[in-house]
$ cat start-v8.csv   # CSV, C-alpha atoms
chain,number,residue,atom,x,y,z
A,776,MET,CA,0.8,17.3,-7.4
A,777,SER,CA,-1.1,18.1,-10.6
A,778,ASN,CA,-0.9,15.6,-13.5
A,779,GLN,CA,0.4,18.5,-15.7
A,780,ARG,CA,3.3,19.2,-13.3
A,781,LEU,CA,4.1,15.5,-13.0
A,782,ILE,CA,4.2,15.0,-16.7
A,783,ALA,CA,6.5,18.0,-17.2
A,784,LEU,CA,8.9,16.8,-14.5
A,785,ASN,CA,9.0,13.2,-15.8
A,786,LYS,CA,9.8,14.5,-19.3
A,787,ALA,CA,12.6,16.6,-17.8
A,788,TRP,CA,14.0,13.7,-15.8
A,789,GLU,CA,14.0,11.4,-18.9
A,790,LYS,CA,16.3,13.9,-20.6
A,791,VAL,CA,18.5,14.5,-17.6
A,792,LYS,CA,19.2,10.8,-16.8
A,793,LYS,CA,20.6,10.4,-20.3
A,794,GLU,CA,23.1,13.2,-19.8
A,795,PRO,CA,26.7,12.8,-18.5
A,796,THR,CA,27.1,13.0,-14.8
A,797,VAL,CA,29.8,15.0,-13.1
A,798,TRP,CA,31.9,11.9,-12.8
A,799,ASP,CA,31.9,11.6,-16.6
A,800,ALA,CA,33.8,15.0,-16.8
A,801,ILE,CA,36.9,13.5,-15.2
A,802,GLU,CA,39.9,13.2,-17.5
A,803,VAL,CA,43.3,11.5,-16.9
A,804,LYS,CA,46.5,12.9,-18.6
A,805,ASP,CA,50.1,13.2,-17.6
A,806,LYS,CA,49.4,11.0,-14.5
A,807,SER,CA,46.9,13.6,-13.2
A,808,PHE,CA,43.2,14.0,-12.8
A,809,TYR,CA,41.4,16.9,-14.4
A,810,TYR,CA,37.8,18.1,-14.6
A,811,LYS,CA,36.7,19.3,-18.0
A,812,ILE,CA,34.2,22.1,-18.2
A,813,ASP,CA,33.4,23.1,-21.8
A,814,GLN,CA,36.8,24.0,-23.3
A,815,GLU,CA,38.5,24.4,-19.9
A,816,THR,CA,40.3,21.7,-17.9
A,817,ILE,CA,40.7,22.1,-14.2
A,818,PHE,CA,43.6,20.4,-12.4
A,819,LEU,CA,42.4,18.2,-9.5
A,820,SER,CA,45.2,16.0,-8.3
A,821,SER,CA,48.4,14.3,-9.5
A,822,PHE,CA,49.1,10.6,-8.9
A,823,LYS,CA,52.8,10.8,-9.9
A,824,SER,CA,54.8,8.8,-7.3
A,825,LYS,CA,57.0,11.9,-6.4
A,826,GLU,CA,53.8,13.9,-5.6
A,827,LEU,CA,52.0,11.2,-3.6
A,828,PRO,CA,52.6,10.8,0.2
A,829,SER,CA,54.5,7.8,1.6
A,830,SER,CA,52.5,4.7,2.2
A,831,PRO,CA,51.0,4.4,5.7
A,832,TYR,CA,51.4,0.7,5.4
A,833,SER,CA,54.5,-1.5,6.0
A,834,LEU,CA,54.5,-3.1,2.6
A,835,THR,CA,55.9,-6.5,2.0
A,836,PRO,CA,58.6,-7.1,-0.7
A,837,LEU,CA,55.7,-8.3,-2.9
A,838,GLY,CA,53.8,-5.1,-2.1
A,839,LYS,CA,56.7,-2.9,-2.9
A,840,LEU,CA,57.1,-4.7,-6.3
A,841,LEU,CA,53.4,-4.5,-7.1
A,842,THR,CA,53.3,-0.7,-6.4
A,843,LYS,CA,56.1,-0.3,-9.0
A,844,LEU,CA,54.3,-2.4,-11.6
A,845,SER,CA,50.8,-1.1,-11.1
A,846,THR,CA,49.7,2.6,-10.9
A,847,LEU,CA,46.5,1.5,-9.1
A,848,ALA,CA,48.4,-0.5,-6.5
A,849,ASN,CA,50.6,2.5,-6.0
A,850,ILE,CA,47.7,4.9,-5.5
A,851,MET,CA,45.9,2.4,-3.2
A,852,SER,CA,49.0,2.0,-1.0
A,853,ARG,CA,49.7,5.8,-0.7
A,854,ARG,CA,46.1,7.3,-0.7
A,855,PRO,CA,43.8,4.5,0.6
A,856,GLY,CA,40.1,5.3,0.7
A,857,THR,CA,40.5,8.6,-1.2
A,858,GLU,CA,39.2,10.2,-4.3
A,859,GLU,CA,42.4,9.3,-6.2
A,860,VAL,CA,41.4,5.6,-5.9
A,861,THR,CA,37.8,6.2,-6.8
A,862,PHE,CA,38.6,8.4,-9.8
A,863,TYR,CA,41.3,6.0,-11.1
A,864,VAL,CA,39.0,3.1,-10.9
A,865,LEU,CA,36.1,4.9,-12.5
A,866,HIS,CA,38.3,6.0,-15.4
A,867,SER,CA,39.6,2.4,-15.7
A,868,SER,CA,42.4,3.4,-18.1
A,869,PRO,CA,45.6,1.3,-17.3
A,870,GLN,CA,48.7,3.4,-17.0
A,871,PRO,CA,52.2,2.1,-17.9
A,872,GLY,CA,54.6,0.8,-15.3
A,873,ILE,CA,57.9,-1.1,-15.5
A,874,LEU,CA,56.3,-3.9,-17.5
A,875,GLY,CA,53.9,-1.6,-19.4
A,876,LYS,CA,50.2,-1.6,-18.7
A,877,SER,CA,49.6,-5.4,-18.2
A,878,VAL,CA,49.9,-5.5,-14.4
A,879,ASP,CA,47.8,-2.4,-13.9
A,880,LYS,CA,45.2,-3.8,-16.2
A,881,LYS,CA,45.0,-7.0,-14.1
A,882,MET,CA,44.7,-4.9,-10.9
A,883,LEU,CA,41.8,-2.9,-12.4
A,884,LYS,CA,40.1,-6.1,-13.5
A,885,VAL,CA,40.0,-7.2,-9.9
A,886,ALA,CA,39.5,-3.9,-8.1
A,887,ALA,CA,37.3,-1.8,-10.4
A,888,PRO,CA,34.0,-3.8,-10.7
A,889,PRO,CA,33.1,-3.7,-7.0
A,890,LEU,CA,34.1,-0.1,-6.5
A,891,ILE,CA,32.3,1.0,-9.7
A,892,TRP,CA,29.1,-0.9,-8.6
A,893,ARG,CA,29.3,0.7,-5.1
A,894,ARG,CA,29.7,4.2,-6.5
A,895,GLN,CA,26.8,3.7,-9.0
A,896,GLN,CA,24.5,2.4,-6.2
A,897,ILE,CA,25.2,5.4,-4.0
A,898,ARG,CA,24.6,7.8,-6.9
A,899,GLU,CA,21.4,6.2,-8.0
A,900,ARG,CA,20.0,6.1,-4.4
A,901,ILE,CA,20.8,9.8,-3.9
A,902,THR,CA,19.4,10.7,-7.3
A,903,GLN,CA,16.1,8.8,-6.6
A,904,LYS,CA,15.6,10.6,-3.3
A,905,VAL,CA,16.3,14.0,-4.9
A,906,ARG,CA,13.8,13.1,-7.6
A,907,ASP,CA,11.2,12.2,-5.0
A,908,TYR,CA,11.7,15.5,-3.2
A,909,ILE,CA,11.4,17.5,-6.3
A,910,GLU,CA,8.2,15.8,-7.4
A,911,LYS,CA,6.7,16.3,-3.9
A,912,ASN,CA,8.2,19.8,-3.8
A,913,GLN,CA,9.7,19.1,-0.4
A,914,SER,CA,12.9,20.6,1.0
A,915,PHE,CA,15.9,18.5,2.0
A,916,PHE,CA,19.4,18.6,3.7
A,917,PHE,CA,22.2,16.4,2.3
A,918,LEU,CA,25.0,15.5,4.7
A,919,ASP,CA,28.0,13.9,3.0
A,920,ILE,CA,30.4,12.4,5.6
A,921,GLY,CA,33.9,11.8,4.3
A,922,SER,CA,32.9,13.7,1.1
A,923,GLY,CA,36.3,14.0,-0.5
A,924,ALA,CA,35.7,16.3,-3.5
A,925,GLY,CA,32.0,16.3,-2.8
A,926,PHE,CA,30.9,15.1,-6.2
A,927,ASP,CA,27.6,13.9,-4.9
A,928,SER,CA,26.7,17.4,-3.8
A,929,ILE,CA,27.8,18.8,-7.2
A,930,GLU,CA,25.7,16.2,-8.9
A,931,ILE,CA,22.7,17.1,-6.8
A,932,GLU,CA,23.2,20.7,-7.8
A,933,ARG,CA,23.5,19.8,-11.5
A,934,LEU,CA,20.3,17.8,-11.4
A,935,ILE,CA,18.3,20.5,-9.8
A,936,HIS,CA,19.7,23.2,-12.2
A,937,ARG,CA,18.9,21.0,-15.2
A,938,ILE,CA,15.4,20.2,-14.0
A,939,ASN,CA,14.7,23.8,-13.5
A,940,GLU,CA,16.0,24.6,-17.0
A,941,LEU,CA,14.0,21.9,-18.7
A,942,SER,CA,10.7,22.2,-16.8
A,943,GLU,CA,8.4,25.1,-16.4
A,944,TYR,CA,7.7,23.8,-12.9
A,945,SER,CA,10.9,24.6,-11.2
A,946,PHE,CA,12.0,23.3,-7.8
A,947,ASP,CA,11.5,26.2,-5.5
A,948,ARG,CA,11.8,24.6,-2.0
A,949,GLY,CA,14.9,25.0,0.1
A,950,TYR,CA,17.8,22.5,0.0
A,951,GLN,CA,21.4,22.4,1.3
A,952,SER,CA,24.4,20.1,0.9
A,953,LEU,CA,27.1,20.0,3.5
A,954,ASN,CA,30.4,18.2,2.8
A,955,ILE,CA,32.5,17.1,5.8
A,956,ASP,CA,36.0,15.9,5.3
A,957,ILE,CA,39.5,16.2,6.9
A,958,ASP,CA,41.1,16.5,3.4
A,959,GLU,CA,41.5,20.2,2.8
A,960,LYS,CA,42.8,19.7,-0.8
A,961,TRP,CA,39.8,17.9,-2.0
A,962,LEU,CA,37.3,20.2,-0.3
A,963,ASN,CA,39.1,23.1,-2.0
A,964,ASN,CA,38.6,21.3,-5.3
A,965,ASN,CA,34.9,21.1,-4.5
A,966,GLN,CA,34.8,24.9,-3.9
A,967,ILE,CA,36.6,25.6,-7.2
A,968,LEU,CA,34.4,23.3,-9.2
A,969,THR,CA,31.2,24.6,-7.6
A,970,ALA,CA,32.2,28.2,-8.4
A,971,LYS,CA,33.1,27.3,-12.0
A,972,LEU,CA,29.9,25.3,-12.6
A,973,PHE,CA,27.3,27.4,-10.7
A,974,GLY,CA,28.8,30.7,-9.8
A,975,LEU,CA,27.0,31.9,-6.6
A,976,ASN,CA,23.9,30.1,-7.6
A,977,HIS,CA,24.3,27.0,-5.5
A,978,HIS,CA,23.5,25.4,-2.1
A,979,ILE,CA,26.8,23.7,-1.3
A,980,ALA,CA,28.8,24.2,2.0
A,981,ARG,CA,31.8,22.4,3.3
A,982,GLU,CA,33.6,22.0,6.6
A,983,ASN,CA,37.2,20.8,6.9
A,984,ILE,CA,36.8,18.9,10.2
A,985,SER,CA,36.7,15.4,11.6
A,986,ILE,CA,33.1,14.1,11.7
A,987,PHE,CA,33.5,13.4,15.4
A,988,ASP,CA,34.4,17.0,16.0
A,989,PHE,CA,31.5,18.1,13.8
A,990,TRP,CA,29.0,16.2,16.0
A,991,LYS,CA,30.2,18.1,19.0
A,992,LYS,CA,29.3,21.5,17.5
A,993,SER,CA,26.3,20.6,15.2
A,994,GLN,CA,23.1,22.4,16.0
A,995,LYS,CA,19.6,20.8,15.6
A,996,SER,CA,18.2,24.2,14.6
A,997,THR,CA,20.1,24.1,11.3
A,998,LEU,CA,17.8,21.2,10.2
A,999,ASP,CA,14.5,22.4,11.4
A,1000,GLN,CA,13.6,24.2,8.2
A,1001,TYR,CA,13.9,21.0,6.0
A,1002,ASP,CA,11.4,18.3,5.3
A,1003,ASN,CA,13.9,15.5,4.5
A,1004,LEU,CA,17.5,14.5,5.6
A,1005,ILE,CA,19.9,12.4,3.5
A,1006,ILE,CA,23.1,11.2,5.1
A,1007,SER,CA,25.8,9.5,3.0
A,1008,CYS,CA,28.9,7.9,4.6
A,1009,ASN,CA,31.1,6.4,2.0
A,1010,GLY,CA,34.8,5.7,1.5
A,1011,PHE,CA,36.4,5.8,4.9
A,1012,ALA,CA,34.5,3.7,7.4
A,1013,GLU,CA,36.5,0.6,6.5
A,1014,PHE,CA,39.6,2.3,7.9
A,1015,LEU,CA,38.1,2.9,11.3
A,1016,SER,CA,38.6,0.7,14.3
A,1017,ASP,CA,35.7,-1.3,15.6
A,1018,ILE,CA,35.2,1.2,18.4
A,1019,GLU,CA,35.3,4.2,16.1
A,1020,LEU,CA,32.9,2.6,13.6
A,1021,ARG,CA,30.3,1.9,16.3
A,1022,LYS,CA,30.8,5.4,17.7
A,1023,LEU,CA,30.3,6.8,14.2
A,1024,TYR,CA,27.0,4.9,13.6
A,1025,LYS,CA,25.7,5.9,17.0
A,1026,GLU,CA,26.4,9.5,16.3
A,1027,ILE,CA,24.6,9.2,12.9
A,1028,PHE,CA,21.7,7.7,14.7
A,1029,ASN,CA,21.6,10.5,17.4
A,1030,PHE,CA,21.9,13.2,14.7
A,1031,SER,CA,19.1,11.7,12.7
A,1032,GLN,CA,16.9,11.3,15.9
A,1033,ASN,CA,17.0,15.0,16.4
A,1034,PHE,CA,15.4,15.5,12.9
A,1035,GLU,CA,11.6,15.4,12.8
A,1036,GLY,CA,11.2,14.8,9.1
A,1037,ASN,CA,12.0,11.8,6.9
A,1038,VAL,CA,15.5,10.4,7.1
A,1039,ASP,CA,17.4,8.3,4.5
A,1040,ILE,CA,20.9,7.0,5.5
A,1041,ILE,CA,23.3,5.4,3.0
A,1042,LEU,CA,26.0,3.2,4.5
A,1043,PRO,CA,28.1,1.2,2.1
A,1044,PHE,CA,30.6,-1.3,3.4
A,1045,ALA,CA,33.1,-4.0,2.2
A,1046,ASN,CA,32.3,-7.6,3.2
A,1047,LYS,CA,34.9,-9.9,4.4
A,1048,ASN,CA,36.5,-11.7,1.5
A,1049,LYS,CA,39.1,-14.4,2.1
A,1050,GLU,CA,40.8,-14.0,-1.2
A,1051,GLN,CA,41.1,-10.2,-0.7
A,1052,GLU,CA,42.3,-10.7,2.9
A,1053,THR,CA,45.0,-13.2,1.8
A,1054,LEU,CA,46.1,-10.8,-1.0
A,1055,GLY,CA,46.1,-7.9,1.4
A,1056,LYS,CA,48.4,-9.7,3.9
A,1057,LYS,CA,50.8,-10.7,1.1
A,1058,ILE,CA,51.0,-7.1,0.0
A,1059,GLY,CA,50.8,-5.4,3.3
A,1060,PHE,CA,47.6,-3.5,2.7
A,1061,GLN,CA,45.3,-3.0,5.7
A,1062,PHE,CA,41.5,-3.0,5.1
A,1063,LYS,CA,39.0,-3.5,7.9
A,1064,ALA,CA,36.3,-5.3,6.1
A,1065,LYS,CA,33.6,-7.0,8.2
A,1066,ASP,CA,31.3,-9.9,8.0
A,1067,LYS,CA,28.0,-8.9,6.5
A,1068,GLN,CA,26.0,-10.3,9.5
A,1069,GLU,CA,28.2,-8.4,11.9
A,1070,ILE,CA,27.3,-5.1,10.1
A,1071,VAL,CA,23.6,-6.0,9.9
A,1072,ASN,CA,23.5,-6.9,13.6
A,1073,MET,CA,25.2,-3.6,14.5
A,1074,ILE,CA,22.7,-1.6,12.4
A,1075,GLU,CA,19.8,-3.4,14.0
A,1076,GLU,CA,21.2,-2.8,17.5
A,1077,ILE,CA,21.9,1.0,16.9
A,1078,PHE,CA,19.2,2.1,14.6
A,1079,THR,CA,16.2,0.9,16.7
A,1080,ASN,CA,12.8,1.3,15.1
A,1081,TYR,CA,14.3,2.3,11.8
A,1082,LYS,CA,13.6,0.3,8.6
A,1083,PHE,CA,16.6,-0.9,6.6
A,1084,THR,CA,17.3,-2.8,3.4
A,1085,TYR,CA,20.5,-3.8,1.7
A,1086,CYS,CA,21.8,-5.0,-1.6
A,1087,GLU,CA,25.1,-6.6,-2.3
A,1088,LYS,CA,27.4,-7.6,-5.1
A,1089,TYR,CA,31.0,-8.6,-5.4
A,1090,SER,CA,32.4,-8.1,-2.0
A,1091,HIS,CA,30.4,-5.0,-1.1
A,1092,ILE,CA,27.1,-4.2,0.6
A,1093,LEU,CA,25.0,-1.1,0.5
A,1094,ILE,CA,22.7,-0.5,3.4
A,1095,ASN,CA,19.8,1.9,3.2
A,1096,ILE,CA,18.3,3.0,6.5
A,1097,GLU,CA,15.0,5.0,6.7
A,1098,LYS,CA,13.2,6.7,9.5
$ encode --input "start-v8.csv" --output "structure tokens"
Amino acid sequence: MSNQRLIALNKAWEKVKKEPTVWDAIEVKDKSFYYKIDQETIFLSSFKSKELPSSPYSLTPLGKLLTKLSTLANIMSRRPGTEEVTFYVLHSSPQPGILGKSVDKKMLKVAAPPLIWRRQQIRERITQKVRDYIEKNQSFFFLDIGSGAGFDSIEIERLIHRINELSEYSFDRGYQSLNIDIDEKWLNNNQILTAKLFGLNHHIARENISIFDFWKKSQKSTLDQYDNLIISCNGFAEFLSDIELRKLYKEIFNFSQNFEGNVDIILPFANKNKEQETLGKKIGFQFKAKDKQEIVNMIEEIFTNYKFTYCEKYSHILINIEK
């Protein structure tokens, strides 16, 4: 890369990193999530009790009481591992319950910091890889497993559009984002937001399918045209059985093995935490957190000859795997 091109891109990145991300456009009003684009607000999802599904858990009496006192507890019990939980935590605005906002505020104080840290780490990792590819002028394919609303893909699109606007050296190599999720509602929200933000000028696709079914039909040929592959798997692995989790990681390994270019895999996970487990049992929440060493051993066993690093904070660990 020429020094002139690098200087221009660095100046553009300095401006872009100070701008609001797509997550900053989320608004909460009337117990619902909205996305604000200029003067327009787009409805995403309601977290009113009457519009949420029944809890998949058998809540204890304490759990039933807590879900009445705390909006966050109510959302976590009815929509575990979903965008509703993430967006509520990121917004961190306590909503009134029977006793006002006090219980919800306490729940957020406990639950928000680790989830916010985890979300930030994933975003920063993806952003850094995209920046590397733009500076090298290399193509890439981004696969988001359990994407929900696919905000990572929308943020990638935003970044590339802004860099192309701010720098005379536009990114002209191919790229593609693919969101995989079984939640049709949130994939539909992704489609609506993508159209509103970028019109037809985007590279985002989505499939409403189980990741295990996706593996069965995926074709290696779709990846051959790209220099780099990013795989992100966030938000639902903790709700898989041990057998399903191992199968998922093996399938990710096999999929990445078929790719000849550089591979970067992002696997966040919740560590075992005695306090959280005790609280979960008292309430009736089910959360399959694992011991850090157990996850590390599984990664070493499955991703042979790959390099991996990890960082951890609170009760969460973010594993980065590279080929």
$ atom_distance --input "start-v8.csv" --atom1 "atom CA of Val905 of chain A" --atom2 "atom CA of Arg948 of chain A"
11.9 Å
$ residues_around --input "start-v8.csv" --residues "Val885 of chain A" --least-positions-apart "2" --cutoff "12 Å" --atoms "all atoms listed in the file" --output "list in words"
Leu847, Ala848, Val864, Ser867, Val878, Asp879, Lys880, Lys881, Met882, Leu883, Ala887, Pro888, Pro889, Leu890, Ile891, Glu1050, Gln1051, Leu1054, Tyr1089 and Ser1090 of chain A
$ closest_residue --input "start-v8.csv" --among "A:Leu834, A:Leu1023, A:Ile1041, A:Leu840" --to "Met1073 of chain A" --atoms "all atoms listed in the file"
A:Leu1023
$ atom_distance --input "start-v8.csv" --atom1 "atom CA of Asp805 of chain A" --atom2 "atom CA of Glu859 of chain A"
14.3 Å
$ atom_distance --input "start-v8.csv" --atom1 "atom CA of Ser868 of chain A" --atom2 "atom CA of Thr842 of chain A"
16.5 Å
$ residues_around --input "start-v8.csv" --residues "segment 797-803 of chain A" --least-positions-apart "2" --cutoff "9 Å" --atoms "only C-alpha atoms" --output "ChimeraX atom specification"
/A:795,805-812,816,862-863,865-866,868,926-927,929-930,933
$ closest_residue --input "start-v8.csv" --among "A:Asn785, A:Thr1079, A:Ser945, A:Ser928" --to "Asn912 of chain A" --atoms "only C-alpha atoms"
A:Ser945
$ residues_around --input "start-v8.csv" --residues "Asn1029 of chain A" --least-positions-apart "5" --cutoff "12 Å" --atoms "only C-alpha atoms" --output "PDB file with C-alpha atoms, in the coordinates of the input"
ATOM      1  CA  TRP A 990      29.000  16.200  16.000  1.00  0.00           C
ATOM      2  CA  LYS A 991      30.200  18.100  19.000  1.00  0.00           C
ATOM      3  CA  SER A 993      26.300  20.600  15.200  1.00  0.00           C
ATOM      4  CA  LYS A 995      19.600  20.800  15.600  1.00  0.00           C
ATOM      5  CA  LYS A1022      30.800   5.400  17.700  1.00  0.00           C
ATOM      6  CA  LEU A1023      30.300   6.800  14.200  1.00  0.00           C
ATOM      7  CA  TYR A1024      27.000   4.900  13.600  1.00  0.00           C
ATOM      8  CA  PHE A1034      15.400  15.500  12.900  1.00  0.00           C
ATOM      9  CA  VAL A1038      15.500  10.400   7.100  1.00  0.00           C
ATOM     10  CA  ILE A1077      21.900   1.000  16.900  1.00  0.00           C
ATOM     11  CA  PHE A1078      19.200   2.100  14.600  1.00  0.00           C
ATOM     12  CA  THR A1079      16.200   0.900  16.700  1.00  0.00           C
TER      13      THR A1079
END
$ closest_residue --input "start-v8.csv" --among "A:Ile938, A:Leu819, A:Val1071, A:Leu1020" --to "Glu910 of chain A" --atoms "all atoms listed in the file"
A:Ile938
$ closest_residue --input "start-v8.csv" --among "A:Ala1012, A:Ala1064, A:Leu1004, A:Ile1070" --to "Asn1037 of chain A" --atoms "all atoms listed in the file"
A:Leu1004
$ closest_residue --input "start-v8.csv" --among "A:Leu844, A:Leu784, A:Ala980, A:Leu837" --to "Gly872 of chain A" --atoms "only C-alpha atoms"
A:Leu844
$ closest_residue --input "start-v8.csv" --among "A:Gly974, A:Pro828, A:Gly921, A:Gly1055" --to "Asn954 of chain A" --atoms "all atoms listed in the file"
A:Gly921
$ build_atoms --input "start-v8.csv" --residues "segment 780-793 of chain A" --atoms "N, CA and C atoms" --output "PDB file, keeping the file's coordinate frame"
ATOM      1  N   ARG A 780       1.960  18.977 -13.907  1.00  0.00           N
ATOM      2  CA  ARG A 780       3.300  19.200 -13.300  1.00  0.00           C
ATOM      3  C   ARG A 780       4.099  17.897 -13.341  1.00  0.00           C
ATOM      4  N   LEU A 781       3.459  16.785 -12.986  1.00  0.00           N
ATOM      5  CA  LEU A 781       4.100  15.500 -13.000  1.00  0.00           C
ATOM      6  C   LEU A 781       4.627  15.093 -14.342  1.00  0.00           C
ATOM      7  N   ILE A 782       3.804  15.293 -15.355  1.00  0.00           N
ATOM      8  CA  ILE A 782       4.200  15.000 -16.700  1.00  0.00           C
ATOM      9  C   ILE A 782       5.376  15.783 -17.179  1.00  0.00           C
ATOM     10  N   ALA A 783       5.359  17.071 -16.857  1.00  0.00           N
ATOM     11  CA  ALA A 783       6.500  18.000 -17.200  1.00  0.00           C
ATOM     12  C   ALA A 783       7.752  17.556 -16.559  1.00  0.00           C
ATOM     13  N   LEU A 784       7.669  17.225 -15.275  1.00  0.00           N
ATOM     14  CA  LEU A 784       8.900  16.800 -14.500  1.00  0.00           C
ATOM     15  C   LEU A 784       9.409  15.487 -15.040  1.00  0.00           C
ATOM     16  N   ASN A 785       8.517  14.549 -15.333  1.00  0.00           N
ATOM     17  CA  ASN A 785       9.000  13.200 -15.800  1.00  0.00           C
ATOM     18  C   ASN A 785       9.672  13.392 -17.181  1.00  0.00           C
ATOM     19  N   LYS A 786       9.180  14.270 -18.040  1.00  0.00           N
ATOM     20  CA  LYS A 786       9.800  14.500 -19.300  1.00  0.00           C
ATOM     21  C   LYS A 786      11.242  15.092 -19.101  1.00  0.00           C
ATOM     22  N   ALA A 787      11.333  16.009 -18.147  1.00  0.00           N
ATOM     23  CA  ALA A 787      12.600  16.600 -17.800  1.00  0.00           C
ATOM     24  C   ALA A 787      13.599  15.569 -17.296  1.00  0.00           C
ATOM     25  N   TRP A 788      13.118  14.702 -16.406  1.00  0.00           N
ATOM     26  CA  TRP A 788      14.000  13.700 -15.800  1.00  0.00           C
ATOM     27  C   TRP A 788      14.456  12.682 -16.888  1.00  0.00           C
ATOM     28  N   GLU A 789      13.603  12.357 -17.853  1.00  0.00           N
ATOM     29  CA  GLU A 789      14.000  11.400 -18.900  1.00  0.00           C
ATOM     30  C   GLU A 789      15.175  12.003 -19.709  1.00  0.00           C
ATOM     31  N   LYS A 790      15.198  13.308 -19.900  1.00  0.00           N
ATOM     32  CA  LYS A 790      16.300  13.900 -20.600  1.00  0.00           C
ATOM     33  C   LYS A 790      17.566  13.971 -19.720  1.00  0.00           C
ATOM     34  N   VAL A 791      17.380  14.338 -18.458  1.00  0.00           N
ATOM     35  CA  VAL A 791      18.500  14.500 -17.600  1.00  0.00           C
ATOM     36  C   VAL A 791      19.250  13.197 -17.305  1.00  0.00           C
ATOM     37  N   LYS A 792      18.513  12.103 -17.144  1.00  0.00           N
ATOM     38  CA  LYS A 792      19.200  10.800 -16.800  1.00  0.00           C
ATOM     39  C   LYS A 792      20.005  10.279 -17.960  1.00  0.00           C
ATOM     40  N   LYS A 793      19.817  10.822 -19.172  1.00  0.00           N
ATOM     41  CA  LYS A 793      20.600  10.400 -20.300  1.00  0.00           C
ATOM     42  C   LYS A 793      21.876  11.273 -20.475  1.00  0.00           C
TER      43      LYS A 793
END
